[in-house]
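Peer 1: Just passing along the structure, written as structure tokens.
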Amino acid sequence: MIIDVHAHIGSDHRFGFRLSADELVKAMDKFSIVCSFISSIKSLVYDYREGNDDVEKACMKYPRRLLGLAAIHPLYGEEALEELRKRLSRKEFIGIKIHPYYFNTPANSPLMYPIVEEAVRMKAPLFIHSYDGGIEVSDLADRYPDALIIMYHMGGGEWEEGILRVKKYDNVYVEMSSSFVDVGMVETAVSVLGEQRVLYGSDIPFQTPAISIAKVAEANIPEYIKELIFYKNALNLFNLKGIL
């Protein structure tokens, strides 16, 4: 049983691929993934509101299998806050997706503060792309200790720095997908952060879920911790017992 907290639907012309909601669910069935948190690639590279529309439709088609992350673009000011409130008021959405690189706005920019403050008010988790060694996420966590932040990719290539940087912030959890498959990634995250703060994610279709599954399955950690990472941590953190 697996809960994937990092998945996408949509197409990306740069890499020549697309993944529909139907195709995603088929892939989930193949890898025993019971639920995926999804955002739209369209939200990142084209129009964030149209991408959120696509996510909402996908989650309505596959209730309980797909849960939405509303992409919120900080450069759109009050419009973005209205979009946040609109999406998070619907049962199809479970949190907020932030991509500093594609949005051309660092996660620790003052432009991001109103979004984080609204997320805290609505008790909505923030899922933040991090390939900078965790610098922006740690700054944000320090400013907003009541924000629930999931640091995607554990900081990217500087994953060890990212893990150490967010160690003191109990409101930050790490998701372990990335194009880096260094030996010891999962073991280090568990050792530094504790077994409760590591979550499984695949980043499909940018990567096959098999890569992240292997990272956890082959890690030198007890089986019960693997179960925590694969699904139990997400189940408890996001109160999914009544949904799945």
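Identifiers in this document derive from the order of the structure tokens: chains are assigned A, B, ..., residues are numbered from 1 separately in each chain, and ligands are numbered from 1 in order of occurrence.
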Any idea what's packed within 10 Å of Leu44 of chain A, counting only C-alpha atoms, ignoring anything in its chain fewer than 5 positions away? Could you give it as a PyMOL selection string?
Peer 2: chain A and resi 12+39+49+51+71-73+97-103
Peer 1: Kindly export the residues of the current selection with all heavy atoms, as a short mmCIF file (atom, residue, chain, number, x, y, z; two decimals), in the first residue's frame.
Peer 2:
```cif
data_model
loop_
_atom_site.label_atom_id
_atom_site.label_comp_id
_atom_site.auth_asym_id
_atom_site.auth_seq_id
_atom_site.Cartn_x
_atom_site.Cartn_y
_atom_site.Cartn_z
N ASP A 12 3.92 17.91 -21.17
CA ASP A 12 5.09 18.78 -21.13
C ASP A 12 5.83 18.63 -22.45
O ASP A 12 6.48 17.61 -22.70
CB ASP A 12 6.00 18.40 -19.96
CG ASP A 12 7.05 19.45 -19.67
OD1 ASP A 12 7.55 20.06 -20.63
OD2 ASP A 12 7.37 19.67 -18.48
N SER A 39 -1.05 17.66 -9.00
CA SER A 39 -1.14 19.00 -9.55
C SER A 39 -0.97 18.86 -11.05
O SER A 39 -0.57 17.81 -11.55
CB SER A 39 -0.07 19.93 -8.96
OG SER A 39 1.23 19.44 -9.23
N ARG A 49 -4.67 28.58 -13.26
CA ARG A 49 -6.09 28.36 -12.99
C ARG A 49 -6.67 27.28 -13.91
O ARG A 49 -7.47 26.44 -13.46
CB ARG A 49 -6.88 29.66 -13.15
CG ARG A 49 -6.55 30.70 -12.09
CD ARG A 49 -7.41 31.93 -12.22
NE ARG A 49 -7.27 32.55 -13.53
CZ ARG A 49 -7.91 33.66 -13.90
NH1 ARG A 49 -8.75 34.26 -13.07
NH2 ARG A 49 -7.72 34.18 -15.10
N GLY A 51 -5.00 24.83 -15.14
CA GLY A 51 -4.45 23.58 -14.61
C GLY A 51 -5.22 23.09 -13.40
O GLY A 51 -5.48 21.90 -13.25
N ALA A 71 -2.38 24.69 -7.52
CA ALA A 71 -1.23 25.53 -7.82
C ALA A 71 -1.63 26.99 -7.64
O ALA A 71 -2.63 27.44 -8.20
CB ALA A 71 -0.76 25.28 -9.24
N ILE A 72 -0.87 27.73 -6.85
CA ILE A 72 -1.18 29.12 -6.56
C ILE A 72 0.03 29.97 -6.94
O ILE A 72 1.11 29.82 -6.38
CB ILE A 72 -1.53 29.32 -5.07
CG1 ILE A 72 -2.70 28.41 -4.67
CG2 ILE A 72 -1.86 30.79 -4.79
CD1 ILE A 72 -3.99 28.66 -5.43
N HIS A 73 -0.18 30.87 -7.90
CA HIS A 73 0.92 31.65 -8.47
C HIS A 73 1.03 33.00 -7.76
O HIS A 73 0.14 33.84 -7.88
CB HIS A 73 0.67 31.86 -9.97
CG HIS A 73 1.89 32.20 -10.76
ND1 HIS A 73 2.78 33.18 -10.37
CD2 HIS A 73 2.38 31.68 -11.91
CE1 HIS A 73 3.76 33.26 -11.26
NE2 HIS A 73 3.55 32.36 -12.19
N LYS A 97 0.11 23.76 -4.05
CA LYS A 97 1.37 23.45 -4.74
C LYS A 97 2.08 24.76 -5.10
O LYS A 97 1.50 25.65 -5.73
CB LYS A 97 1.10 22.63 -6.00
CG LYS A 97 2.31 22.44 -6.92
CD LYS A 97 3.39 21.59 -6.25
CE LYS A 97 4.61 21.43 -7.16
NZ LYS A 97 4.42 20.44 -8.22
N ILE A 98 3.35 24.86 -4.71
CA ILE A 98 4.18 26.01 -5.01
C ILE A 98 5.44 25.54 -5.74
O ILE A 98 6.11 24.61 -5.28
CB ILE A 98 4.60 26.76 -3.72
CG1 ILE A 98 3.36 27.27 -2.97
CG2 ILE A 98 5.57 27.89 -4.03
CD1 ILE A 98 2.56 28.32 -3.71
N HIS A 99 5.73 26.17 -6.87
CA HIS A 99 6.94 25.83 -7.62
C HIS A 99 7.74 27.10 -7.86
O HIS A 99 7.50 27.83 -8.82
CB HIS A 99 6.58 25.16 -8.94
CG HIS A 99 7.69 24.33 -9.51
ND1 HIS A 99 8.94 24.85 -9.78
CD2 HIS A 99 7.75 23.02 -9.85
CE1 HIS A 99 9.71 23.90 -10.27
NE2 HIS A 99 9.03 22.78 -10.31
N PRO A 100 8.68 27.41 -6.97
CA PRO A 100 9.42 28.67 -7.08
C PRO A 100 10.09 28.89 -8.43
O PRO A 100 10.12 30.02 -8.94
CB PRO A 100 10.47 28.54 -5.97
CG PRO A 100 9.86 27.61 -4.98
CD PRO A 100 9.08 26.63 -5.80
N TYR A 101 10.61 27.82 -9.04
CA TYR A 101 11.34 27.96 -10.31
C TYR A 101 10.39 28.36 -11.43
O TYR A 101 10.62 29.34 -12.14
CB TYR A 101 12.06 26.65 -10.64
CG TYR A 101 12.78 26.68 -11.97
CD1 TYR A 101 14.00 27.35 -12.10
CD2 TYR A 101 12.24 26.05 -13.09
CE1 TYR A 101 14.65 27.38 -13.32
CE2 TYR A 101 12.89 26.09 -14.30
CZ TYR A 101 14.09 26.75 -14.43
OH TYR A 101 14.74 26.79 -15.64
N TYR A 102 9.31 27.61 -11.60
CA TYR A 102 8.38 27.91 -12.69
C TYR A 102 7.58 29.18 -12.45
O TYR A 102 7.17 29.86 -13.38
CB TYR A 102 7.43 26.73 -12.90
CG TYR A 102 8.10 25.54 -13.54
CD1 TYR A 102 8.11 24.31 -12.90
CD2 TYR A 102 8.72 25.65 -14.78
CE1 TYR A 102 8.73 23.21 -13.47
CE2 TYR A 102 9.34 24.56 -15.36
CZ TYR A 102 9.34 23.34 -14.71
OH TYR A 102 9.96 22.26 -15.28
N PHE A 103 7.36 29.52 -11.18
CA PHE A 103 6.62 30.74 -10.86
C PHE A 103 7.51 31.97 -10.80
O PHE A 103 7.03 33.07 -10.55
CB PHE A 103 5.89 30.58 -9.52
CG PHE A 103 4.76 29.59 -9.55
CD1 PHE A 103 4.19 29.15 -8.37
CD2 PHE A 103 4.26 29.10 -10.75
CE1 PHE A 103 3.13 28.24 -8.38
CE2 PHE A 103 3.21 28.19 -10.77
CZ PHE A 103 2.64 27.76 -9.59
#
```
Peer 1: Could you give me, as a tab-separated table, a per-residue list for segment 14-114 of chain A showing, wherever an atom lies at most 8 Å from an atom of segment 205-215 of chain A, the closest pair of atoms and their distance in Å to one decimal, using only C-alpha atoms and sorting by chain then residue number from low to high?
Peer 2:
```
residue	atom	partner	partner_atom	distance
A:Phe17	CA	A:Pro205	CA	7.9
A:Arg18	CA	A:Pro205	CA	7.6
A:Leu19	CA	A:Pro205	CA	6.7
A:Phe31	CA	A:Pro209	CA	7.2
```
Peer 1: I need the helix (DSSP H, G or I) residues of chain A per DSSP on the backbone, written as a count of residues only.
Peer 2: 116
Peer 1: Counting only C-alpha atoms, what is within 10 Å of Leu237 of chain A, bar same-chain residues fewer than 6 positions away, as a ChimeraX atom specification?
Peer 2: /A:125,148,173,196-197,199
Peer 1: Pull the strand (DSSP E) assignments for segment 101-176 of chain A out of DSSP run on the backbone, and list those residues as a list in words.
Peer 2: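 Matching residues, listed in order: Leu126, Phe127, Ile128, His129, Ile149, Ile150, Met151, Tyr152, Val172, Tyr173, Val174 and Glu175 of chain A.
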Peer 1: Can those selected residues be exported to a file as a PDB file, in the first residue's frame so that it contains N, CA, C and O atoms?
Peer 2:
```pdb
ATOM      1  N   LEU A 126       1.337  23.152   2.563  1.00  0.00           N
ATOM      2  CA  LEU A 126       2.040  23.708   1.406  1.00  0.00           C
ATOM      3  C   LEU A 126       3.045  22.683   0.900  1.00  0.00           C
ATOM      4  O   LEU A 126       3.897  22.209   1.651  1.00  0.00           O
ATOM      5  N   PHE A 127       2.953  22.352  -0.389  1.00  0.00           N
ATOM      6  CA  PHE A 127       3.863  21.402  -1.017  1.00  0.00           C
ATOM      7  C   PHE A 127       4.786  22.210  -1.928  1.00  0.00           C
ATOM      8  O   PHE A 127       4.357  22.722  -2.963  1.00  0.00           O
ATOM      9  N   ILE A 128       6.055  22.327  -1.534  1.00  0.00           N
ATOM     10  CA  ILE A 128       6.961  23.275  -2.178  1.00  0.00           C
ATOM     11  C   ILE A 128       8.124  22.563  -2.861  1.00  0.00           C
ATOM     12  O   ILE A 128       8.886  21.833  -2.217  1.00  0.00           O
ATOM     13  N   HIS A 129       8.249  22.786  -4.165  1.00  0.00           N
ATOM     14  CA  HIS A 129       9.399  22.265  -4.918  1.00  0.00           C
ATOM     15  C   HIS A 129      10.672  22.868  -4.333  1.00  0.00           C
ATOM     16  O   HIS A 129      10.771  24.076  -4.134  1.00  0.00           O
ATOM     17  N   ILE A 149       4.561  22.442   6.023  1.00  0.00           N
ATOM     18  CA  ILE A 149       5.308  22.496   4.764  1.00  0.00           C
ATOM     19  C   ILE A 149       5.859  21.119   4.417  1.00  0.00           C
ATOM     20  O   ILE A 149       6.483  20.455   5.250  1.00  0.00           O
ATOM     21  N   ILE A 150       5.632  20.707   3.179  1.00  0.00           N
ATOM     22  CA  ILE A 150       6.241  19.484   2.661  1.00  0.00           C
ATOM     23  C   ILE A 150       7.287  19.913   1.645  1.00  0.00           C
ATOM     24  O   ILE A 150       6.962  20.544   0.629  1.00  0.00           O
ATOM     25  N   MET A 151       8.532  19.610   1.924  1.00  0.00           N
ATOM     26  CA  MET A 151       9.643  19.990   1.057  1.00  0.00           C
ATOM     27  C   MET A 151       9.856  18.893   0.016  1.00  0.00           C
ATOM     28  O   MET A 151      10.419  17.828   0.308  1.00  0.00           O
ATOM     29  N   TYR A 152       9.382  19.157  -1.195  1.00  0.00           N
ATOM     30  CA  TYR A 152       9.558  18.208  -2.274  1.00  0.00           C
ATOM     31  C   TYR A 152      11.041  18.026  -2.609  1.00  0.00           C
ATOM     32  O   TYR A 152      11.813  18.988  -2.618  1.00  0.00           O
ATOM     33  N   VAL A 172       8.145  21.044   9.113  1.00  0.00           N
ATOM     34  CA  VAL A 172       8.604  20.685   7.761  1.00  0.00           C
ATOM     35  C   VAL A 172       8.775  19.169   7.649  1.00  0.00           C
ATOM     36  O   VAL A 172       9.454  18.546   8.477  1.00  0.00           O
ATOM     37  N   TYR A 173       8.161  18.613   6.615  1.00  0.00           N
ATOM     38  CA  TYR A 173       8.296  17.195   6.276  1.00  0.00           C
ATOM     39  C   TYR A 173       8.966  17.115   4.907  1.00  0.00           C
ATOM     40  O   TYR A 173       8.870  18.047   4.101  1.00  0.00           O
ATOM     41  N   VAL A 174       9.654  16.009   4.647  1.00  0.00           N
ATOM     42  CA  VAL A 174      10.357  15.891   3.372  1.00  0.00           C
ATOM     43  C   VAL A 174       9.763  14.768   2.527  1.00  0.00           C
ATOM     44  O   VAL A 174       9.332  13.739   3.050  1.00  0.00           O
ATOM     45  N   GLU A 175       9.748  15.002   1.233  1.00  0.00           N
ATOM     46  CA  GLU A 175       9.319  14.008   0.236  1.00  0.00           C
ATOM     47  C   GLU A 175      10.540  13.654  -0.584  1.00  0.00           C
ATOM     48  O   GLU A 175      11.316  14.536  -0.955  1.00  0.00           O
TER      49      GLU A 175
END
```
Peer 1: Using atom CA of Asp203 of chain A and atom CA of His8 of chain A as the two end points, give the distance in Å to one decimal.
Peer 2: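 Between these atoms lies a distance of 6.8 Å.
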Peer 1: Between atom CA of Glu161 of chain A and atom CA of Met176 of chain A, what is the distance in Å, rounded to a tenth?
Peer 2: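 The value is 13.6 Å.
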